[in-house]
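*Asks:* Enclosed is the structure file structure-v2.tsv (TSV, C-alpha atoms and all ligand atoms).
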```tsv
chain	number	residue	atom	x	y	z
A	1	MET	CA	-1.70	25.45	7.65
A	2	ASN	CA	1.50	26.16	5.69
A	3	ASP	CA	1.74	28.77	2.90
A	4	LYS	CA	1.92	26.22	0.10
A	5	LEU	CA	-1.24	24.50	1.31
A	6	SER	CA	-3.09	27.80	1.71
A	7	SER	CA	-2.21	28.83	-1.81
A	8	ILE	CA	-3.21	25.45	-3.32
A	9	LEU	CA	-6.55	25.68	-1.56
A	10	GLY	CA	-6.93	29.37	-2.33
A	11	GLU	CA	-6.30	28.88	-6.05
A	12	ALA	CA	-8.75	26.00	-6.44
A	13	SER	CA	-11.91	26.82	-8.40
A	14	GLN	CA	-13.73	24.09	-6.46
A	15	VAL	CA	-12.75	21.59	-3.79
A	16	PHE	CA	-13.93	17.97	-3.70
A	17	ILE	CA	-13.22	15.59	-0.82
A	18	LEU	CA	-13.10	11.87	-1.58
A	19	THR	CA	-13.40	9.54	1.38
A	20	ASP	CA	-15.07	6.28	2.39
A	21	GLU	CA	-17.97	5.36	4.64
A	22	ASN	CA	-15.69	4.26	7.50
A	23	VAL	CA	-13.57	7.39	7.53
A	24	ALA	CA	-16.29	9.96	6.88
A	25	PRO	CA	-18.08	9.82	10.27
A	26	PHE	CA	-14.82	10.21	12.18
A	27	TRP	CA	-12.89	12.68	10.10
A	28	LEU	CA	-14.73	14.30	7.17
A	29	PRO	CA	-16.19	17.33	9.00
A	30	GLU	CA	-12.98	17.83	11.00
A	31	VAL	CA	-10.73	17.79	7.95
A	32	ALA	CA	-13.05	20.00	5.90
A	33	HIS	CA	-13.01	22.49	8.78
A	34	TRP	CA	-9.24	22.21	9.32
A	35	LEU	CA	-8.61	22.93	5.62
A	36	HIS	CA	-11.16	25.79	5.60
A	37	CYS	CA	-13.24	24.07	2.95
A	38	ASP	CA	-16.55	23.41	4.72
A	39	SER	CA	-18.33	23.99	1.42
A	40	ALA	CA	-16.35	21.28	-0.38
A	41	ILE	CA	-18.33	18.70	-2.35
A	42	ASP	CA	-18.07	15.33	-0.59
A	43	ILE	CA	-17.76	12.05	-2.45
A	44	VAL	CA	-18.23	9.22	0.03
A	45	ILE	CA	-17.70	5.75	-1.39
A	46	LYS	CA	-17.99	2.24	0.01
A	47	PRO	CA	-14.82	1.09	1.79
A	48	GLY	CA	-12.50	-1.69	0.71
A	49	GLU	CA	-10.28	-2.97	-2.06
A	50	GLN	CA	-13.28	-4.44	-3.91
A	51	HIS	CA	-14.41	-0.88	-4.67
A	52	LYS	CA	-11.04	0.25	-6.06
A	53	ASN	CA	-12.32	-0.18	-9.57
A	54	LEU	CA	-13.46	1.56	-12.73
A	55	GLN	CA	-17.10	1.78	-11.61
A	56	THR	CA	-16.12	3.86	-8.57
A	57	VAL	CA	-13.79	6.01	-10.67
A	58	GLN	CA	-16.67	6.66	-13.07
A	59	ARG	CA	-18.77	7.79	-10.15
A	60	ILE	CA	-16.01	10.23	-9.13
A	61	TRP	CA	-15.61	11.56	-12.69
A	62	LYS	CA	-19.42	11.94	-12.99
A	63	THR	CA	-19.53	13.95	-9.74
A	64	PHE	CA	-16.80	16.24	-11.12
A	65	MET	CA	-18.81	16.72	-14.32
A	66	LYS	CA	-22.12	17.21	-12.53
A	67	HIS	CA	-20.53	20.11	-10.63
A	68	HIS	CA	-18.83	21.45	-13.77
A	69	ALA	CA	-15.37	20.96	-12.28
A	70	ASP	CA	-12.76	22.70	-14.44
A	71	ARG	CA	-9.02	22.11	-14.63
A	72	ASN	CA	-8.44	24.25	-11.54
A	73	ALA	CA	-10.57	22.02	-9.34
A	74	LEU	CA	-8.85	20.28	-6.43
A	75	LEU	CA	-9.46	16.81	-5.00
A	76	ILE	CA	-8.61	15.98	-1.39
A	77	ASN	CA	-8.15	12.24	-0.86
A	78	LEU	CA	-9.00	11.51	2.77
A	79	GLY	CA	-8.53	7.85	3.60
A	80	GLY	CA	-6.33	4.79	3.29
A	81	GLY	CA	-4.40	3.53	0.29
A	82	VAL	CA	-7.59	2.61	-1.59
A	83	ILE	CA	-8.71	6.25	-1.49
A	84	THR	CA	-5.29	7.79	-2.23
A	85	ASP	CA	-4.64	5.34	-5.10
A	86	MET	CA	-8.07	5.70	-6.68
A	87	GLY	CA	-8.51	9.42	-5.97
A	88	GLY	CA	-5.07	10.11	-7.42
A	89	PHE	CA	-6.03	8.14	-10.52
A	90	ALA	CA	-9.41	9.87	-10.93
A	91	ALA	CA	-7.81	13.30	-10.48
A	92	SER	CA	-4.81	12.67	-12.73
A	93	THR	CA	-7.04	11.57	-15.61
A	94	TYR	CA	-9.98	14.02	-15.32
A	95	LYS	CA	-9.52	16.73	-17.98
A	96	ARG	CA	-5.94	15.43	-18.37
A	97	GLY	CA	-5.22	16.07	-14.74
A	98	ILE	CA	-6.41	18.21	-11.85
A	99	LYS	CA	-4.49	18.80	-8.61
A	100	PHE	CA	-4.93	16.54	-5.62
A	101	ILE	CA	-3.84	16.43	-1.99
A	102	ASN	CA	-3.48	13.21	0.00
A	103	VAL	CA	-4.56	13.06	3.63
A	104	PRO	CA	-3.72	9.47	4.57
A	105	THR	CA	-5.68	8.02	7.50
A	106	THR	CA	-4.15	4.53	7.70
A	107	LEU	CA	-0.62	3.71	8.79
A	108	LEU	CA	-0.01	1.93	5.50
A	109	ALA	CA	-1.02	4.98	3.50
A	110	MET	CA	1.05	7.33	5.72
A	111	VAL	CA	4.27	5.41	5.18
A	112	ASP	CA	3.67	4.08	1.69
A	113	ALA	CA	0.56	4.39	-0.49
A	114	ALA	CA	0.04	8.16	-0.24
A	115	ILE	CA	3.68	8.92	-1.08
A	116	GLY	CA	5.53	8.50	-4.35
A	117	GLY	CA	3.10	9.25	-7.16
A	118	LYS	CA	1.74	5.82	-8.08
A	119	THR	CA	-2.01	5.92	-8.55
A	120	GLY	CA	-4.31	3.20	-9.78
A	121	ILE	CA	-7.21	0.80	-9.65
A	122	ASP	CA	-7.72	-2.94	-9.91
A	123	PHE	CA	-8.97	-4.31	-13.22
A	124	GLY	CA	-9.73	-7.69	-14.76
A	125	GLY	CA	-9.29	-9.44	-11.44
A	126	ALA	CA	-5.73	-8.19	-10.92
A	127	LYS	CA	-4.46	-5.50	-8.59
A	128	ASN	CA	-3.29	-2.08	-9.77
A	129	GLN	CA	-3.51	-2.95	-13.46
A	130	ILE	CA	-4.59	0.52	-14.57
A	131	GLY	CA	-2.91	3.64	-13.26
A	132	THR	CA	-0.77	6.70	-13.68
A	133	PHE	CA	2.31	8.26	-12.18
A	134	ALA	CA	1.05	11.53	-10.70
A	135	ASP	CA	2.29	13.40	-7.64
A	136	ALA	CA	0.03	14.77	-4.95
A	137	GLU	CA	0.56	18.49	-4.40
A	138	GLU	CA	0.88	17.77	-0.69
A	139	VAL	CA	0.74	14.74	1.59
A	140	LEU	CA	-0.56	15.75	5.01
A	141	ILE	CA	0.49	13.24	7.63
A	142	ASP	CA	-1.00	13.34	11.10
A	143	PRO	CA	-0.96	10.28	13.40
A	144	VAL	CA	-4.12	11.58	15.09
A	145	PHE	CA	-6.12	9.71	12.40
A	146	LEU	CA	-4.72	6.42	13.70
A	147	SER	CA	-6.73	6.80	16.92
A	148	THR	CA	-9.79	5.36	15.16
A	149	LEU	CA	-7.99	2.79	13.01
A	150	PRO	CA	-8.64	-0.88	13.93
A	151	ARG	CA	-5.64	-2.73	15.40
A	152	ARG	CA	-5.59	-5.16	12.45
A	153	GLU	CA	-5.03	-2.23	10.08
A	154	ILE	CA	-2.22	-0.88	12.28
A	155	LEU	CA	-0.50	-4.28	12.10
A	156	SER	CA	-0.87	-4.24	8.32
A	157	GLY	CA	0.98	-0.90	8.23
A	158	LEU	CA	3.68	-2.19	10.56
A	159	ALA	CA	4.56	-4.83	7.95
A	160	GLU	CA	5.26	-2.10	5.37
A	161	MET	CA	7.38	-0.23	7.91
A	162	LEU	CA	9.42	-3.38	8.58
A	163	LYS	CA	9.99	-3.62	4.82
A	164	TYR	CA	11.94	-0.35	4.99
A	165	GLY	CA	13.92	-1.88	7.85
A	166	PHE	CA	15.03	-4.72	5.59
A	167	ILE	CA	15.78	-2.72	2.46
A	168	ALA	CA	17.09	0.56	3.88
A	169	ASP	CA	17.43	1.30	7.59
A	170	ALA	CA	17.62	-1.47	10.20
A	171	LYS	CA	16.37	0.96	12.88
A	172	LEU	CA	12.90	0.25	11.54
A	173	LEU	CA	13.22	-3.42	12.49
A	174	GLU	CA	12.85	-2.29	16.11
A	175	ILE	CA	9.27	-1.15	15.70
A	176	ASN	CA	6.41	-2.56	17.69
A	177	LEU	CA	2.87	-1.55	18.62
A	178	GLU	CA	4.13	0.81	21.32
A	179	ASN	CA	6.78	2.79	19.46
A	180	TYR	CA	5.76	2.76	15.78
A	181	GLN	CA	4.38	6.31	15.62
A	182	TYR	CA	7.84	7.68	16.37
A	183	TYR	CA	9.16	6.00	13.20
A	184	ILE	CA	6.47	7.22	10.75
A	185	PRO	CA	8.53	10.22	9.51
A	186	LEU	CA	11.63	8.04	8.95
A	187	ALA	CA	9.63	5.46	6.97
A	188	GLY	CA	8.09	8.18	4.78
A	189	GLU	CA	11.48	9.78	4.24
A	190	ILE	CA	12.97	6.47	3.06
A	191	LYS	CA	10.19	6.06	0.51
A	192	ARG	CA	10.56	9.67	-0.71
A	193	GLU	CA	14.32	9.28	-1.15
A	194	ILE	CA	14.02	6.06	-3.16
A	195	VAL	CA	11.27	7.51	-5.35
A	196	ALA	CA	13.24	10.72	-5.93
A	197	GLN	CA	16.12	8.66	-7.34
A	198	ASP	CA	13.92	6.54	-9.59
A	199	PRO	CA	10.40	7.98	-9.98
A	200	TYR	CA	9.29	5.65	-12.81
A	201	GLU	CA	10.68	2.39	-11.41
A	202	ALA	CA	13.41	1.89	-14.00
A	203	GLY	CA	15.58	0.17	-11.40
A	204	LEU	CA	16.16	1.17	-7.79
A	205	ARG	CA	12.47	1.78	-6.97
A	206	LYS	CA	11.86	-1.91	-7.51
A	207	ILE	CA	13.37	-2.54	-4.05
A	208	LEU	CA	10.09	-1.20	-2.63
A	209	ASN	CA	8.54	-4.40	-3.96
A	210	PHE	CA	10.47	-6.47	-1.42
A	211	GLY	CA	8.04	-9.15	-0.22
A	212	HIS	CA	5.37	-7.89	-2.61
A	213	THR	CA	5.72	-10.28	-5.53
A	214	ILE	CA	4.76	-13.32	-3.46
A	215	GLY	CA	2.65	-11.10	-1.18
A	216	HIS	CA	0.44	-9.95	-4.06
A	217	ALA	CA	0.02	-13.53	-5.24
A	218	ILE	CA	-1.06	-14.62	-1.75
A	219	GLU	CA	-3.33	-11.56	-1.45
A	220	SER	CA	-4.96	-12.23	-4.84
A	221	HIS	CA	-5.50	-15.88	-3.98
A	222	CYS	CA	-6.99	-15.12	-0.56
A	223	LEU	CA	-9.36	-12.57	-2.12
A	224	THR	CA	-11.03	-15.52	-3.87
A	225	THR	CA	-11.65	-17.23	-0.50
A	226	ASP	CA	-13.81	-16.40	2.52
A	227	TYR	CA	-10.67	-15.25	4.37
A	228	PRO	CA	-9.14	-12.31	2.51
A	229	LEU	CA	-5.91	-10.93	3.95
A	230	LEU	CA	-5.05	-7.27	4.38
A	231	HIS	CA	-2.32	-5.97	2.09
A	232	GLY	CA	0.28	-5.75	4.88
A	233	GLU	CA	-0.55	-9.24	6.14
A	234	ALA	CA	0.03	-10.69	2.69
A	235	VAL	CA	3.22	-8.65	2.39
A	236	ALA	CA	4.39	-10.02	5.75
A	237	LEU	CA	4.02	-13.55	4.36
A	238	GLY	CA	5.70	-12.46	1.14
A	239	MET	CA	8.63	-11.05	3.13
A	240	ALA	CA	8.98	-14.33	5.03
A	241	ALA	CA	9.27	-16.14	1.68
A	242	ALA	CA	11.64	-13.48	0.28
A	243	LEU	CA	13.89	-13.73	3.36
A	244	TRP	CA	13.95	-17.52	3.08
A	245	LEU	CA	14.92	-17.19	-0.60
A	246	SER	CA	17.54	-14.58	0.31
A	247	VAL	CA	19.16	-16.97	2.80
A	248	LYS	CA	19.17	-19.81	0.25
A	249	LEU	CA	20.22	-17.85	-2.83
A	250	CYS	CA	22.01	-14.67	-1.70
A	251	GLY	CA	23.83	-15.64	1.47
A	252	LEU	CA	21.65	-13.53	3.80
A	253	ASP	CA	22.45	-14.20	7.45
A	254	GLU	CA	19.88	-16.71	8.73
A	255	LYS	CA	19.46	-14.64	11.90
A	256	VAL	CA	17.55	-12.00	9.91
A	257	LEU	CA	15.01	-14.65	8.90
A	258	HIS	CA	14.77	-16.08	12.42
A	259	ASP	CA	14.27	-12.63	13.96
A	260	PHE	CA	11.45	-11.94	11.49
A	261	GLU	CA	9.87	-15.31	12.30
A	262	LYS	CA	9.50	-14.01	15.86
A	263	GLN	CA	7.64	-10.88	14.63
A	264	LEU	CA	5.39	-12.73	12.19
A	265	PRO	CA	2.85	-14.03	14.77
A	266	MET	CA	2.27	-10.46	15.97
A	267	LEU	CA	1.79	-9.18	12.40
A	268	LEU	CA	-0.71	-11.95	11.65
A	269	SER	CA	-2.37	-12.01	15.07
A	270	GLU	CA	-5.67	-10.54	13.86
A	271	ALA	CA	-5.83	-12.47	10.57
A	272	GLU	CA	-7.83	-15.60	9.89
A	273	ILE	CA	-5.54	-17.63	7.66
A	274	LEU	CA	-6.66	-20.94	6.26
A	275	LEU	CA	-3.84	-21.63	3.84
A	276	SER	CA	-2.58	-25.15	3.29
A	277	GLU	CA	-0.51	-27.15	0.83
A	278	ALA	CA	-3.49	-27.19	-1.55
A	279	ASN	CA	-3.15	-23.41	-2.03
A	280	ILE	CA	0.45	-23.46	-3.23
A	281	GLU	CA	-0.27	-24.17	-6.91
A	282	PRO	CA	-2.97	-21.46	-7.25
A	283	ILE	CA	-0.60	-18.96	-5.61
A	284	LEU	CA	2.19	-19.97	-7.99
A	285	GLY	CA	-0.30	-19.39	-10.81
A	286	TYR	CA	-0.79	-15.78	-9.69
A	287	LEU	CA	2.98	-15.26	-9.61
A	288	VAL	CA	3.13	-15.92	-13.35
A	289	HIS	CA	0.72	-13.02	-13.92
A	290	ASP	CA	2.52	-10.59	-11.64
A	291	LYS	CA	3.02	-7.34	-13.49
A	292	LYS	CA	6.66	-7.18	-12.48
A	293	ASN	CA	7.43	-10.25	-14.57
A	294	LYS	CA	9.54	-9.98	-17.69
A	295	GLY	CA	8.51	-12.58	-20.28
A	296	ASP	CA	7.63	-15.70	-18.33
A	297	LYS	CA	10.33	-15.31	-15.69
A	298	THR	CA	9.26	-14.11	-12.27
A	299	GLN	CA	11.58	-11.39	-10.96
A	300	PHE	CA	12.23	-10.88	-7.27
A	301	VAL	CA	13.79	-8.45	-4.86
A	302	LEU	CA	16.02	-10.32	-2.44
A	303	LEU	CA	18.50	-9.27	0.26
A	304	GLU	CA	22.25	-9.88	0.31
A	305	SER	CA	22.34	-8.37	3.79
A	306	LEU	CA	20.30	-5.87	5.79
A	307	GLY	CA	19.99	-2.67	3.76
A	308	LYS	CA	21.47	-4.32	0.67
A	309	PRO	CA	18.62	-5.39	-1.60
A	310	ILE	CA	19.11	-6.67	-5.14
A	311	TRP	CA	16.38	-6.65	-7.75
A	312	GLY	CA	15.61	-8.50	-10.96
A	313	VAL	CA	16.46	-11.89	-9.45
A	314	GLU	CA	14.98	-14.79	-11.41
A	315	ILE	CA	14.02	-17.86	-9.43
A	316	PRO	CA	13.24	-21.35	-10.71
A	317	GLU	CA	9.64	-22.41	-10.11
A	318	ASP	CA	10.70	-25.37	-7.95
A	319	THR	CA	12.63	-23.13	-5.56
A	320	LEU	CA	9.67	-20.78	-5.39
A	321	ARG	CA	7.39	-23.67	-4.55
A	322	VAL	CA	9.66	-24.64	-1.65
A	323	SER	CA	9.70	-21.06	-0.37
A	324	LEU	CA	5.88	-21.11	-0.37
A	325	GLU	CA	5.90	-24.45	1.44
A	326	TYR	CA	8.20	-22.94	4.06
A	327	THR	CA	5.95	-19.89	4.46
A	328	ILE	CA	2.55	-21.49	4.28
A	329	ILE	CA	3.07	-24.84	5.87
A	330	ASN	CA	5.68	-24.04	8.50
A	331	LYS	CA	4.91	-20.46	9.37
A	332	VAL	CA	1.17	-20.20	8.84
A	333	SER	CA	-0.34	-23.60	9.48
A	334	LYS	CA	1.66	-24.09	12.68
A	335	ARG	CA	0.94	-20.70	14.18
B	1	LIG	N1	0.42	3.70	-4.54
B	1	LIG	C1	1.29	3.03	-3.81
B	1	LIG	O1	2.51	3.26	-3.89
B	1	LIG	C2	0.78	1.97	-2.86
B	1	LIG	C3	1.67	1.39	-1.95
B	1	LIG	C4	1.15	0.46	-1.06
B	1	LIG	C5	-0.20	0.12	-1.08
B	1	LIG	N2	-1.01	0.70	-2.00
B	1	LIG	C6	-2.45	0.36	-2.04
B	1	LIG	O2	-3.05	0.75	-0.82
B	1	LIG	C7	-4.21	-0.05	-0.59
B	1	LIG	C8	-4.23	-0.51	0.83
B	1	LIG	O3	-4.29	0.64	1.66
B	1	LIG	P1	-4.86	0.57	3.15
B	1	LIG	O4	-4.24	-0.56	3.84
B	1	LIG	O5	-4.73	1.94	3.69
B	1	LIG	O6	-6.39	0.14	2.92
B	1	LIG	P2	-7.81	0.90	2.89
B	1	LIG	O7	-7.72	2.19	2.19
B	1	LIG	O8	-8.78	-0.10	2.39
B	1	LIG	O9	-8.10	1.21	4.43
B	1	LIG	C9	-8.22	0.12	5.31
B	1	LIG	C10	-9.57	0.16	6.08
B	1	LIG	O10	-9.46	1.12	7.12
B	1	LIG	C11	-10.55	2.04	7.04
B	1	LIG	N3	-10.00	3.28	7.55
B	1	LIG	C12	-9.09	4.08	6.94
B	1	LIG	N4	-8.69	5.04	7.77
B	1	LIG	C13	-9.38	4.88	8.92
B	1	LIG	C14	-9.36	5.54	10.16
B	1	LIG	N5	-8.52	6.55	10.42
B	1	LIG	N6	-10.21	5.12	11.13
B	1	LIG	C15	-11.02	4.05	10.89
B	1	LIG	N7	-11.05	3.34	9.77
B	1	LIG	C16	-10.23	3.76	8.78
B	1	LIG	C17	-10.96	2.02	5.60
B	1	LIG	O11	-12.30	2.41	5.44
B	1	LIG	C18	-10.76	0.55	5.24
B	1	LIG	O12	-11.87	-0.20	5.67
B	1	LIG	C19	-4.15	-1.19	-1.58
B	1	LIG	O13	-5.09	-0.96	-2.59
B	1	LIG	C20	-2.73	-1.12	-2.15
B	1	LIG	O14	-2.66	-1.59	-3.46
B	1	LIG	C21	-0.55	1.62	-2.88
```
Would you put the structure from the file into structure tokens?
*Replies:*
Amino acid sequence: MNDKLSSILGEASQVFILTDENVAPFWLPEVAHWLHCDSAIDIVIKPGEQHKNLQTVQRIWKTFMKHHADRNALLINLGGGVITDMGGFAASTYKRGIKFINVPTTLLAMVDAAIGGKTGIDFGGAKNQIGTFADAEEVLIDPVFLSTLPRREILSGLAEMLKYGFIADAKLLEINLENYQYYIPLAGEIKREIVAQDPYEAGLRKILNFGHTIGHAIESHCLTTDYPLLHGEAVALGMAAALWLSVKLCGLDEKVLHDFEKQLPMLLSEAEILLSEANIEPILGYLVHDKKNKGDKTQFVLLESLGKPIWGVEIPEDTLRVSLEYTIINKVSKR
């Protein structure tokens, strides 16, 4: 344990560990022991995006209050992006903010969600509508946690790692199921550097949304069906659409799109996807509500070339519809 971590833990008046029912049996006792806080108060919630909501946050706040947590209490968020997002939000709002540490246990959280200070919950049927910017005191990354993570979740994280390959460092486009662990530090470093330059998403940080505008719309739509997609799977589809748009509108070399088309079946190999032409209008409907929109114009991150993203691109609805047709009909239905 490093000195900073020891002093954060040593100064805490009380330690709480937030985790979910899938992670707890594998890792809760180990992590409590590793961090020398066996007497921490555990808060174990139900897993999944559907529990990233105000009701669960209330339960966390009530546990803090029940144990008379003061402003020097510490929360350890042990889990995937749902836990780090929601735990960060609960901690950053309780008594105007207590300290928290993130211990990400999914690949997606290790390279993305646990880093960069965005916390939040879903509200009113839309993702991440309520939240804060609040930095974790420490983010403890250890690939050992991935040994118990289902393959589908690993693939979801790979999609986010490929995103960094498109927007920042093409080395990350070489990742696969065999070598990805080697690239975790590089992916995290890319996110940290972008966030350091633009912590509140005034401009540059928007490039992290590459593939996410359409991805979130597809994710939101699929959540209303019997076949929800994982975040990274929806982002993979969103990136396919964004690359197609980049070729059409920004002169991106078509080879980048074709190379990604070869990776897409692997990324979606564990997903049940029943999207068809009938789903295009509902997905377009979600795009209008995307929180990154200005007025009624949807704004996108596209690529001029590898490592050269541009943000704030407005796209006519008809062109968007064709990009969805390309993604959903050609790339999903014909898998
Ligand atoms: N704040 C940000 O900057 C940011 C960035 C990207 C994504 N996110 C958010 O992250 C969330 C998605 O994160 P996620 O993909 O980690 O999902 P998740 O937290 O739901 O975890 C995925 C599943 O894996 C299980 N799990 C976690 N670790 C495990 C382990 N080591 N072994 C076995 N099972 C394990 C969980 O219980 C869950 O069922 C979304 O809510 C998204 O909005 C936030």
*Asks:* Chain A near ligand LIG 1 (chain B) within 8 Å: what's each residue's closest atom pair and its distance in Å to one decimal, counting all atoms listed in the file, ordered by chain then ascending residue number, as JSON lines?
*Replies:*
```
{"residue": "A:Asp20", "atom": "CA", "partner": "B:LIG1", "partner_atom": "O11", "distance": 5.7}
{"residue": "A:Glu21", "atom": "CA", "partner": "B:LIG1", "partner_atom": "O11", "distance": 6.4}
{"residue": "A:Asn22", "atom": "CA", "partner": "B:LIG1", "partner_atom": "O11", "distance": 4.4}
{"residue": "A:Val23", "atom": "CA", "partner": "B:LIG1", "partner_atom": "C13", "distance": 5.1}
{"residue": "A:Phe26", "atom": "CA", "partner": "B:LIG1", "partner_atom": "N6", "distance": 6.9}
{"residue": "A:Trp27", "atom": "CA", "partner": "B:LIG1", "partner_atom": "N5", "distance": 7.5}
{"residue": "A:Lys46", "atom": "CA", "partner": "B:LIG1", "partner_atom": "O11", "distance": 7.9}
{"residue": "A:Pro47", "atom": "CA", "partner": "B:LIG1", "partner_atom": "O11", "distance": 4.6}
{"residue": "A:Gly48", "atom": "CA", "partner": "B:LIG1", "partner_atom": "O8", "distance": 4.4}
{"residue": "A:Glu49", "atom": "CA", "partner": "B:LIG1", "partner_atom": "O8", "distance": 5.5}
{"residue": "A:Lys52", "atom": "CA", "partner": "B:LIG1", "partner_atom": "O13", "distance": 7.0}
{"residue": "A:Gly79", "atom": "CA", "partner": "B:LIG1", "partner_atom": "N4", "distance": 5.0}
{"residue": "A:Gly80", "atom": "CA", "partner": "B:LIG1", "partner_atom": "O7", "distance": 3.1}
{"residue": "A:Gly81", "atom": "CA", "partner": "B:LIG1", "partner_atom": "O3", "distance": 3.2}
{"residue": "A:Val82", "atom": "CA", "partner": "B:LIG1", "partner_atom": "O7", "distance": 3.8}
{"residue": "A:Ile83", "atom": "CA", "partner": "B:LIG1", "partner_atom": "O7", "distance": 5.6}
{"residue": "A:Thr84", "atom": "CA", "partner": "B:LIG1", "partner_atom": "N1", "distance": 7.4}
{"residue": "A:Asp85", "atom": "CA", "partner": "B:LIG1", "partner_atom": "N1", "distance": 5.3}
{"residue": "A:Pro104", "atom": "CA", "partner": "B:LIG1", "partner_atom": "N4", "distance": 7.4}
{"residue": "A:Thr105", "atom": "CA", "partner": "B:LIG1", "partner_atom": "N4", "distance": 4.2}
{"residue": "A:Thr106", "atom": "CA", "partner": "B:LIG1", "partner_atom": "N4", "distance": 4.6}
{"residue": "A:Leu107", "atom": "CA", "partner": "B:LIG1", "partner_atom": "O5", "distance": 6.8}
{"residue": "A:Leu108", "atom": "CA", "partner": "B:LIG1", "partner_atom": "O5", "distance": 5.1}
{"residue": "A:Ala109", "atom": "CA", "partner": "B:LIG1", "partner_atom": "O5", "distance": 4.8}
{"residue": "A:Asp112", "atom": "CA", "partner": "B:LIG1", "partner_atom": "C3", "distance": 4.9}
{"residue": "A:Ala113", "atom": "CA", "partner": "B:LIG1", "partner_atom": "C2", "distance": 3.4}
{"residue": "A:Ala114", "atom": "CA", "partner": "B:LIG1", "partner_atom": "N1", "distance": 6.2}
{"residue": "A:Ile115", "atom": "CA", "partner": "B:LIG1", "partner_atom": "O1", "distance": 6.4}
{"residue": "A:Gly116", "atom": "CA", "partner": "B:LIG1", "partner_atom": "O1", "distance": 6.1}
{"residue": "A:Gly117", "atom": "CA", "partner": "B:LIG1", "partner_atom": "N1", "distance": 6.7}
{"residue": "A:Lys118", "atom": "CA", "partner": "B:LIG1", "partner_atom": "N1", "distance": 4.3}
{"residue": "A:Thr119", "atom": "CA", "partner": "B:LIG1", "partner_atom": "N1", "distance": 5.2}
{"residue": "A:Gly120", "atom": "CA", "partner": "B:LIG1", "partner_atom": "N1", "distance": 7.1}
{"residue": "A:Ile121", "atom": "CA", "partner": "B:LIG1", "partner_atom": "O13", "distance": 7.6}
{"residue": "A:Lys127", "atom": "CA", "partner": "B:LIG1", "partner_atom": "O14", "distance": 6.7}
{"residue": "A:Asn128", "atom": "CA", "partner": "B:LIG1", "partner_atom": "O14", "distance": 6.4}
{"residue": "A:Phe145", "atom": "CA", "partner": "B:LIG1", "partner_atom": "N5", "distance": 4.4}
{"residue": "A:Leu146", "atom": "CA", "partner": "B:LIG1", "partner_atom": "N5", "distance": 5.0}
{"residue": "A:Ser147", "atom": "CA", "partner": "B:LIG1", "partner_atom": "N5", "distance": 6.7}
{"residue": "A:Thr148", "atom": "CA", "partner": "B:LIG1", "partner_atom": "N6", "distance": 4.1}
{"residue": "A:Leu149", "atom": "CA", "partner": "B:LIG1", "partner_atom": "N6", "distance": 3.7}
{"residue": "A:Pro150", "atom": "CA", "partner": "B:LIG1", "partner_atom": "C15", "distance": 6.3}
{"residue": "A:Glu153", "atom": "CA", "partner": "B:LIG1", "partner_atom": "C9", "distance": 6.2}
{"residue": "A:Ser156", "atom": "CA", "partner": "B:LIG1", "partner_atom": "O4", "distance": 6.7}
{"residue": "A:Gly157", "atom": "CA", "partner": "B:LIG1", "partner_atom": "O4", "distance": 6.8}
{"residue": "A:Leu230", "atom": "CA", "partner": "B:LIG1", "partner_atom": "O4", "distance": 6.8}
{"residue": "A:His231", "atom": "CA", "partner": "B:LIG1", "partner_atom": "C8", "distance": 5.9}
{"residue": "A:Gly232", "atom": "CA", "partner": "B:LIG1", "partner_atom": "O4", "distance": 7.0}
```
*Asks:* Between A:Leu158, A:Val256, A:Val139, A:Gly10, which residue has the minimum interatomic distance to Leu177 (chain A), considering all atoms listed in the file?
*Replies:* A:Leu158
*Asks:* Could you please determine the separation between CA of Asn176 (chain A) and CA of Ala217 (chain A) in Å, to one decimal place?
*Replies:* 26.2 Å
*Asks:* Nearest to Ile190 (chain A) among A:Leu204, A:Met266, A:Val111, A:Leu173, with distances taken over only C-alpha atoms: which residue is it?
*Replies:*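 Using only C-alpha atoms, the shortest distance to Ile190 (chain A) belongs to A:Val111.
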*Asks:* Would you compute an axis-aligned box for region 105-116 of chain A, covering every atom listed for it in the file with 8 Å of margin on each side, and report centre and edge lengths in Å to one decimal as lines of an AutoDock Vina configuration file?
*Replies:*
```
center_x = -0.1
center_y = 5.4
center_z = 2.2
size_x = 27.2
size_y = 23.0
size_z = 29.1
```
*Asks:* Would you mind completing region 317-322 of chain A to N, CA and C atoms and writing the output as an mmCIF file, in the frame of the given file?
*Replies:*
```cif
data_model
loop_
_atom_site.group_PDB
_atom_site.id
_atom_site.type_symbol
_atom_site.label_atom_id
_atom_site.label_comp_id
_atom_site.auth_asym_id
_atom_site.auth_seq_id
_atom_site.Cartn_x
_atom_site.Cartn_y
_atom_site.Cartn_z
ATOM 1 N N GLU A 317 10.957 -22.154 -10.708
ATOM 2 C CA GLU A 317 9.640 -22.410 -10.110
ATOM 3 C C GLU A 317 9.717 -23.386 -8.924
ATOM 4 N N ASP A 318 10.602 -24.381 -9.034
ATOM 5 C CA ASP A 318 10.700 -25.370 -7.950
ATOM 6 C C ASP A 318 11.166 -24.722 -6.644
ATOM 7 N N THR A 319 12.121 -23.809 -6.769
ATOM 8 C CA THR A 319 12.630 -23.130 -5.560
ATOM 9 C C THR A 319 11.535 -22.249 -4.963
ATOM 10 N N LEU A 320 10.781 -21.609 -5.861
ATOM 11 C CA LEU A 320 9.670 -20.780 -5.390
ATOM 12 C C LEU A 320 8.650 -21.611 -4.630
ATOM 13 N N ARG A 321 8.375 -22.789 -5.186
ATOM 14 C CA ARG A 321 7.390 -23.670 -4.550
ATOM 15 C C ARG A 321 7.864 -24.013 -3.122
ATOM 16 N N VAL A 322 9.160 -24.290 -2.986
ATOM 17 C CA VAL A 322 9.660 -24.640 -1.650
ATOM 18 C C VAL A 322 9.565 -23.441 -0.704
#
```
